[in-house]
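Student: Let me give you the structure first, and then I'll get to my questions.
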Amino acid sequence: MIKINNLTKIYQSKDKQVVAFDNINLDIGEGEIFGVIGPSGAGKSTLIRCLNLLEEPTAGEVIIDGQDITKLSTYKLREARKEMGMIFQRFNLLKSRTVADNVAFPLEIAGKTKREITIKVAELLELVGLADKANNYPSQLSGGQQQRVGIARALANDPKVLLCDEATSALDPETTHSILELLKKINDKLGITIVIITHEMEVIKEICTKVAVLDKGTIAEHGDVIDIFTNPQAEVTKRFIERVINANVPEELLSRVTVANPDKGRLVKVSFIGESAAKPMVSELVHNFAIDANILYGNIDKIQGTPFGTLIIELTCENPSIIEDGINYLVEELEVKVEVIENEGSVLSSN
Amino acid sequence: MKEVFSLLIKDSGLLWQGILQTAYMVSVSMLLASLFGIPLGIGVVVSEEGNILENKAINLILSTFINITRSIPFIILMVALIPLTRIIVGTSIGTSAAVVSLTIGAVPFIGRIVEGALKEVDGGVIEAAQAMGANPWEIISKVLLPEALPSLVLGLTITAISLIGYSAIAGAIGAGGLGDIAIRYGYHRFQTDVMIKTVVLLVVIVQIIQNLGTYLARRLDHS
Ligand SMILES: Nc1ncnc2c1ncn2[C@@H]1O[C@H](COP(=O)(O)OP(=O)(O)OP(=O)(O)O)[C@@H](O)[C@H]1O
Ligand SMILES: [Mg+2]
């Protein structure tokens with residue numbers, strides 16, 4: 001649906017140049033919810049603004065639905081933009097227009113008749129759950145409601161692509177959640193391709209199917225969200241993931257937990273994804289190996305409905321070699337990742 | 001009591017005529033100046049670097065025009081415009097003659113006010129309109145002007161009030177209106193009561209216009 005080829009953007013001022021991003025290649029499939037995450041200044045906003053040419057790329061192609069939009073005339077570009085919706089961090093609604101008239105704006109631009117506009121606006125406000133606010137002004141709405149108006153407006157001309165630039169960054173977590181739910185519903189219902197720019201891994205985790213990690217103007221890695229989450233390669237990705245999935249055990253906990261009897265015990269960190277999470281890990285250790293398993297810390301999360309988590313377990317047994325057997329069993333049979341934690345909190349990987 | 005009353009109505013015919021003349025000068029020049037000043041202000045804003053119709057040359061010409069005309073004191077502008085006024089209305093004295101210089105003096109004034117009001121419009125909203133495929137004309141008519149309307153109304157109110165002041169100055173060279181009366185009767189003939197009455201009238205008129213403008217701007221402002 002969207003193909004970005006060798007895209008480069010350099011801001012040129014009199015005495016210096018700033019490279020926003022350099023030689024980016026991405027392929028965004030139809031119907032995907034594609035997330036782009038990266039630290040501040042990574043070039044995310046610039047990248048998404050290049051997708052509808054609000055920002056003109058220095059080099060490269062942006063092919064949307066088979067058409068390279070960087071090569072279009074001004075007029076053709078305006079027509080192409082009518083097929084793309086965009087929502088913004090600060091909503092950017094017209095404060096002089098009511099909610100209904102804001103949603104009507106792109107329809108007026110597209111030359112729709114009054115009758116068509118009335119019908120479409122009512123439909124869109126219904127979709128975003130704001131039918132009762134049609135005659136209110138944006139200033140009378142909460143941030144979340146304003147973003148819903150923004151979404152309704154962006155969808156007015158039935159676009160194939162919806163671009164979201166930090167669409168939830170100005171909202172509290174609960175409102176963020178409800179906006180993301182709405183985007184997901186729109187994706188399901190209308191099959192529209194959504195590109196989301198964010199610096200919050202929560203957002204990626206909650207709705208994206210694919211993610212690209214942008215760092216210092218290049219793509220550090222990209223792929224399925226579940227793969228990136230469970231097996232991050234780049235440092236920057238790991239840092240983002242740590243923030244949402246507490247795979248790392250809190251420092252103070254590590255310094256506190258020391259196995260009562262080092263000869264007979266082991267402290268392990270077990271990370272699991274998907275199905276294995278449901279398996280009765282602890283009870284199997286207890287029953288099959290007569291190992292005492294004591295959970296000291298646990299954290300379970302879901303990515304796209306797949307469970308994902310970490311447990312810190314203290315394993316104790318009279319015979320230390322049985323503990324090794326137990327760990328091997330976890331790794332081989334239950335397909336979880338096990339790391340043995342040495343005292344003072346250092347982690348020794350056992351597989 | 002009766003004396004006070006008769007004193008109050010003594011010059012009412014004269015004053016009424018003054019009010020009408022002032023109203024005529026101000027409203028006609030306001031209308032004409034808006035006709036040129038509003039496009040001028042829009043032109044300056046949209047031709048600016050990075051704006052929707054960026055054009056360095058036009059921007060330079062328009063803003064230089066505003067700056068130069070704005071820096072000429074009105075009384076001098078009026079005198080300088082006498083030949084032009086003669087060509088346009090056939091005479092250099094009277095209310096119609098004053099309208100010419102008032103209009104020309106107010107055009108850059110309005111231009112600046114419109115420029116200021118339009119620049120206040122949130123860039124994000126303009127960008128949103130661009131992202132929706134709006135063309136420059138649609139952005140001007142559907143975004144810039146409606147979004148700036150409350151500030152425009154306040155700015156035009158200030159212009160109208162300034163024009164009342166300028167029309168009084170114009171009165172000094174025989175333009176008619178309340179300023180003319182104040183000078184003729186109060187200054188040349190020492191009729192202090194007439195002068196006080198015109199001053200009171202001017203204050204009342206300015207108050208009414210200001211309140212009307214503020215009220216309207218508030219009604220239009222939904223932010
Ligand atoms: N108009 C501009 N002129 C010059 N440099 C710019 C401009 N816009 C952005 N930049 C630079 O380009 C780089 C990328 O900026 P961008 O806004 O795309 O980052 P971002 O990833 O969106 O960051 P944030 O998370 O803070 O929004 C930064 O170094 C920034 O300073
Ligand atoms: Mg940004």
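Residues are named by chain letter and number: chains run A, B, ... in the order of the structure tokens, numbers start at 1 in each chain, and ligands are numbered from 1 in the order shown.
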Compute the set of chain B residues within 7 Å of chain A, using only C-alpha atoms, and express it as a list in words.
Tutor: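 Putting it all together, I get Gly124, Val125, Ala128, Ala131, Met132, Gly133, Ala134, Pro146, Glu147, His222 and Ser223 of chain B.
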Student: Take the selection from the previous step and output its residues with C-alpha atoms, as a PDB file, in the first residue's frame.
Tutor:
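File produced: selection.pdb:
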```pdb
ATOM      1  CA  GLY B 124      -1.411  23.259  12.676  1.00  0.00           C
ATOM      2  CA  VAL B 125      -4.910  24.017  11.442  1.00  0.00           C
ATOM      3  CA  ALA B 128      -4.488  20.014   8.544  1.00  0.00           C
ATOM      4  CA  ALA B 131      -3.292  17.556   4.381  1.00  0.00           C
ATOM      5  CA  MET B 132      -6.946  17.332   3.351  1.00  0.00           C
ATOM      6  CA  GLY B 133      -6.120  18.656  -0.094  1.00  0.00           C
ATOM      7  CA  ALA B 134      -7.409  22.215   0.328  1.00  0.00           C
ATOM      8  CA  PRO B 146     -13.056  32.384   9.722  1.00  0.00           C
ATOM      9  CA  GLU B 147     -10.469  31.407  12.327  1.00  0.00           C
ATOM     10  CA  HIS B 222     -15.522  29.920  20.170  1.00  0.00           C
ATOM     11  CA  SER B 223     -12.097  29.234  21.571  1.00  0.00           C
TER      12      SER B 223
END
```
Student: Please identify the residues whose atoms come within 10 Å of ligand 1, using only C-alpha atoms and all ligand atoms, and report them as a compact mmCIF listing (two decimals) with N, CA and C atoms, in the first residue's frame.
Tutor:
```txt
# COMPACT_ATOMS: atom_id res chain seq x y z
N LYS A 9 15.66 12.93 3.96
CA LYS A 9 15.24 14.32 4.17
C LYS A 9 16.35 15.06 4.90
N ILE A 10 16.81 16.11 4.26
CA ILE A 10 17.85 16.94 4.86
C ILE A 10 17.30 18.36 4.96
N TYR A 11 17.33 18.91 6.17
CA TYR A 11 16.95 20.31 6.34
C TYR A 11 18.17 21.16 6.10
N GLN A 12 18.03 22.06 5.14
CA GLN A 12 19.17 22.89 4.78
C GLN A 12 18.90 24.31 5.24
N SER A 13 19.75 24.80 6.12
CA SER A 13 19.66 26.22 6.43
C SER A 13 20.96 26.85 5.95
N LYS A 16 24.19 25.42 8.00
CA LYS A 16 24.36 24.01 8.35
C LYS A 16 23.20 23.18 7.81
N GLN A 17 23.40 21.87 7.83
CA GLN A 17 22.30 21.02 7.41
C GLN A 17 22.02 19.95 8.46
N VAL A 18 20.73 19.68 8.63
CA VAL A 18 20.31 18.67 9.59
C VAL A 18 19.72 17.50 8.81
N VAL A 19 20.28 16.33 9.04
CA VAL A 19 19.74 15.15 8.38
C VAL A 19 18.63 14.59 9.27
N ALA A 20 17.38 14.72 8.83
CA ALA A 20 16.27 14.19 9.62
C ALA A 20 16.25 12.67 9.53
N PHE A 21 16.40 12.15 8.31
CA PHE A 21 16.59 10.71 8.14
C PHE A 21 17.26 10.45 6.80
N VAL A 36 5.60 3.41 13.89
CA VAL A 36 6.99 3.86 13.80
C VAL A 36 7.32 4.47 15.15
N ILE A 37 8.30 3.88 15.81
CA ILE A 37 8.65 4.38 17.13
C ILE A 37 10.10 4.80 17.12
N GLY A 38 10.42 5.74 17.98
CA GLY A 38 11.80 6.19 18.05
C GLY A 38 11.92 7.29 19.08
N PRO A 39 13.12 7.52 19.57
CA PRO A 39 13.31 8.57 20.55
C PRO A 39 13.11 9.96 19.93
N SER A 40 13.03 10.98 20.77
CA SER A 40 12.82 12.33 20.30
C SER A 40 13.93 12.74 19.33
N GLY A 41 13.53 13.35 18.23
CA GLY A 41 14.50 13.81 17.25
C GLY A 41 14.94 12.74 16.27
N ALA A 42 14.34 11.56 16.36
CA ALA A 42 14.74 10.45 15.48
C ALA A 42 14.33 10.71 14.04
N GLY A 43 13.34 11.57 13.84
CA GLY A 43 12.89 11.87 12.48
C GLY A 43 11.50 11.33 12.19
N LYS A 44 10.78 10.91 13.23
CA LYS A 44 9.46 10.29 13.03
C LYS A 44 8.46 11.24 12.39
N SER A 45 8.33 12.42 12.98
CA SER A 45 7.33 13.37 12.45
C SER A 45 7.68 13.75 11.02
N THR A 46 8.94 13.97 10.78
CA THR A 46 9.37 14.32 9.43
C THR A 46 9.00 13.20 8.47
N LEU A 47 9.22 11.97 8.91
CA LEU A 47 8.92 10.82 8.04
C LEU A 47 7.44 10.76 7.67
N ILE A 48 6.57 10.89 8.67
CA ILE A 48 5.14 10.75 8.36
C ILE A 48 4.67 11.94 7.53
N ARG A 49 5.28 13.10 7.76
CA ARG A 49 4.88 14.27 6.98
C ARG A 49 5.36 14.17 5.53
N CYS A 50 6.35 13.33 5.31
CA CYS A 50 6.78 13.08 3.93
C CYS A 50 5.80 12.15 3.21
N GLU A 55 5.87 17.69 4.04
CA GLU A 55 7.30 17.96 4.03
C GLU A 55 7.82 17.33 2.75
N GLN A 89 -1.23 15.42 16.83
CA GLN A 89 -1.07 15.42 18.29
C GLN A 89 -1.97 16.47 18.96
N ASP A 165 0.08 11.22 13.58
CA ASP A 165 1.32 11.75 14.13
C ASP A 165 1.15 12.00 15.62
N GLU A 166 1.67 11.13 16.44
CA GLU A 166 1.59 11.26 17.90
C GLU A 166 0.15 11.54 18.33
N SER A 169 -0.42 11.36 22.13
CA SER A 169 0.59 11.88 23.06
C SER A 169 0.08 12.98 23.98
N ILE A 197 2.75 7.11 14.27
CA ILE A 197 4.03 7.60 14.78
C ILE A 197 3.89 7.77 16.28
N THR A 198 4.82 7.28 17.04
CA THR A 198 4.69 7.43 18.48
C THR A 198 6.05 7.31 19.16
N HIS A 199 6.13 7.81 20.37
CA HIS A 199 7.33 7.54 21.16
C HIS A 199 6.96 6.66 22.35
N GLU A 200 5.71 6.17 22.33
CA GLU A 200 5.24 5.32 23.42
C GLU A 200 5.10 3.87 22.97
N LEU A 214 12.86 3.67 14.62
CA LEU A 214 13.65 4.71 13.97
C LEU A 214 14.60 5.29 15.01
N ASP A 215 15.86 5.37 14.66
CA ASP A 215 16.82 5.95 15.59
C ASP A 215 17.84 6.76 14.81
N LYS A 216 18.01 7.98 15.18
CA LYS A 216 18.99 8.88 14.55
C LYS A 216 18.87 8.86 13.03
N GLY A 217 17.63 8.87 12.56
CA GLY A 217 17.43 8.99 11.12
C GLY A 217 17.59 7.72 10.30
N GLY B 50 7.43 30.28 3.55
CA GLY B 50 6.88 29.09 4.21
C GLY B 50 5.36 29.08 4.25
```
Student: Which residues come within 12 Å of Ile104 (chain B), counting only C-alpha atoms, excluding same-chain residues fewer than 3 positions away, as a ChimeraX atom specification?
Tutor: /B:28-37,65-66,69-70,72,74,77-78,80-82,84-85,97-101,107-111,163,166
Student: So that I can see what lies close to region 115-130 of chain A, please list as a PyMOL selection string the residues with an atom at most 7 Å from it, counting only C-alpha atoms and leaving out residues fewer than 4 positions away in the same chain.
Tutor: chain A and resi 100+103-104+107+134+148+152
Student: What does the structure give for the distance between CA of Ser27 (chain B) and CA of Ile205 (chain B), in Å to one decimal?
Tutor: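 About the pair CA of Ser27 (chain B) and CA of Ile205 (chain B): they are 12.9 Å apart.
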Student: Could you pull out the alpha helix (DSSP H) residues of region 260-325 of chain A from DSSP and send them as a PyMOL selection string?
Tutor: chain A and resi 281-289+320-325
Student: I need the residue nearest ligand 2 from this list: A:Ile196, A:Thr237, A:Ile64, A:Ile303. Use only C-alpha atoms and all ligand atoms for the distance.
Tutor: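 Of A:Ile196, A:Thr237, A:Ile64, A:Ile303, the one nearest ligand 2, counting only C-alpha atoms and all ligand atoms, is A:Ile196.
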Student: So which bits of region 23-162 of chain A end up strand (DSSP E) when you DSSP the backbone, as a list of chain:residue names?
Tutor: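 Strand (DSSP E) assignments inside region 23-162 of chain A correspond to A:Asn23, A:Ile24, A:Asn25, A:Leu26, A:Asp27, A:Ile28, A:Ile33, A:Phe34, A:Gly35, A:Val36, A:Ile37, A:Ala59, A:Gly60, A:Glu61, A:Val62, A:Ile63, A:Ile64, A:Gln67, A:Asp68, A:Met84, A:Gly85, A:Met86, A:Ile87, A:Val161, A:Leu162.
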